[in-house]
Amino acid sequence: MSAIENIFKAYDVRGKVGSELTAEVAGKIGRAFADWLPDDGAVAVGRDMRPDSKELADAIIEGLIEQGRDVWDIGEVTSDMIYFATGKFGLAGGVVITASHNPGAYNGIKFCREEAKPIGEESGLFEIRDKVVADSFESSTAKGTVTQKDVVEDWITHVLSFVDASKMKPLHIAVDAGNGMAGKIFPELEPYVPFQVEELYFELDGTFPNHIANPLEPKNLVDVQKAIKQHGCDAGVAFDGDGDRAVLLDEKGELVTGTVLTAILAEYFLKEYPGATVLHNAICGRAAVEAIEKAGGKAVRTRVGHSFIKGEMRKNNAVFAGEHSGHYYFKDNYMADSGLIAAVIGLYILSLSGKKLSELTAPYRKAYVQISETNFEVEDKKAMLEKIAKEFEGQETDMLDGLTVNFKDAWFNVRPSNTEPLLRLNAEAKTKAELDELVAKVTALITS
């Protein structure tokens, strides 16, 4: 596999700055994307706060206009704002320069097409890759133009459309932006909501001097947990680097898992859309499924990953979708994910409930016990999955996304990484003893 091919992953482009992902490569990607897009029209380009993101964005823009595409340069934004701009203003596509939660040595590119439709390995990304590798682009008779656009005010208005801000009651919260893009955008929301906010690491810094902006790693939540306790906050929020993912923490500093928040948000939308379809990914816990069904919704299970989920949302006309990893998708957000929308709705529900967040989440937390996703290095992932499947012959299994094995009161999923020689294990059971026993058995199979 060539160096260029290697940076095209399942859902986006990711590579090391200066060696794998350079301005020259980005310019070619811009040209290929311009040629590939099905619709005529302008393309939105945004970027995060990493030191080289502007250089890469400028190269993408040059590639787009070289092919005759007009460009909306919307500057430093969260990734969900690219999806919004593309959908809201009827653009042909969108590009954002970001490596999300990856360390500062990396950068990347996320794409969408008209109506914020996803572009992944099965929906055009590898076709764009092949154009870049072939270094073959269509000839254009005229260059496109570049227009500077500010979509922040429109975005905040859109975010607030998911709640009735006039009913929201005051909350004291701690917010950790991780020196990522939420540090620029969250303050734009603050004048419109009755929140007293303890701001952590709102200074934009793509070198991540305090901690990596990945809220799924427990070590990256230590600072916001301390702030919650120190200031007596009602809740906390931690964002990833590009702001499209958010996690909530309760007043004790305990994480509200993606499964639990999926359950809570699903119930919220099913009150407005009775009987609607709600998607949950293959590693969401049973508490989410049970909440969807109890609220009268139709629960549909899907593969992990935004490009798959967005496609399934359109196919099933789903009103909402949740991933255990903290990505949440909304029909009224062009079927796209947003960390800010999820956080605002979650805090809105809390403010109206009259309860502490730990009390609000307790029914979902008590039902099952889950492990954090655990990775194992495996040379032959396919052979290992076959080995595990054979060991559990006779149980209910499926291969929707890796291997899932279901038991009466437990389940586990082992799925291969798209980019690394890793198998990822998720598991859940009614009790910790059952969970420990199940995890030990699967771990022994993988490591023996």
# chains A, B, ... in the order shown; residues from 1 in each chain; ligands from 1
call {"tool": "residues_around", "arguments": {"residues": "A:Ile4", "least_positions_apart": "6", "cutoff": "8 Å", "atoms": "only C-alpha atoms", "output": "ChimeraX atom specification"}}
result
/A:20,25,129,132-133
call {"tool": "residues_around", "arguments": {"residues": "A:Asp150", "least_positions_apart": "3", "cutoff": "9 Å", "atoms": "only C-alpha atoms", "output": "list in words"}}
result
Asp73, Ile74, Gly75, Glu153 and Asp154 of chain A
call {"tool": "atom_distance", "arguments": {"atom1": "atom CA of A:Ala444", "atom2": "atom CA of A:Asp401"}}
result
21.4 Å
call {"tool": "residues_around", "arguments": {"residues": "A:Tyr348", "least_positions_apart": "3", "cutoff": "8 Å", "atoms": "only C-alpha atoms", "output": "PyMOL selection string"}}
result
chain A and resi 163+165+168-169+344-345+351-352
call {"tool": "write_last_selection", "arguments": {"atoms": "C-alpha atoms", "output": "PDB file, in the first residue's frame"}}
result
ATOM      1  CA  VAL A 163     -34.888  22.612  23.256  1.00  0.00           C
ATOM      2  CA  ALA A 165     -34.424  27.539  26.221  1.00  0.00           C
ATOM      3  CA  MET A 168     -34.400  25.794  31.026  1.00  0.00           C
ATOM      4  CA  LYS A 169     -33.537  26.172  34.699  1.00  0.00           C
ATOM      5  CA  VAL A 344     -27.477  20.837  25.361  1.00  0.00           C
ATOM      6  CA  ILE A 345     -30.381  18.380  25.237  1.00  0.00           C
ATOM      7  CA  SER A 351     -32.603  21.133  34.353  1.00  0.00           C
ATOM      8  CA  LEU A 352     -36.292  20.279  33.982  1.00  0.00           C
TER       9      LEU A 352
END
call {"tool": "atom_distance", "arguments": {"atom1": "atom CA of A:Ser372", "atom2": "atom CA of A:Phe320"}}
result
23.7 Å
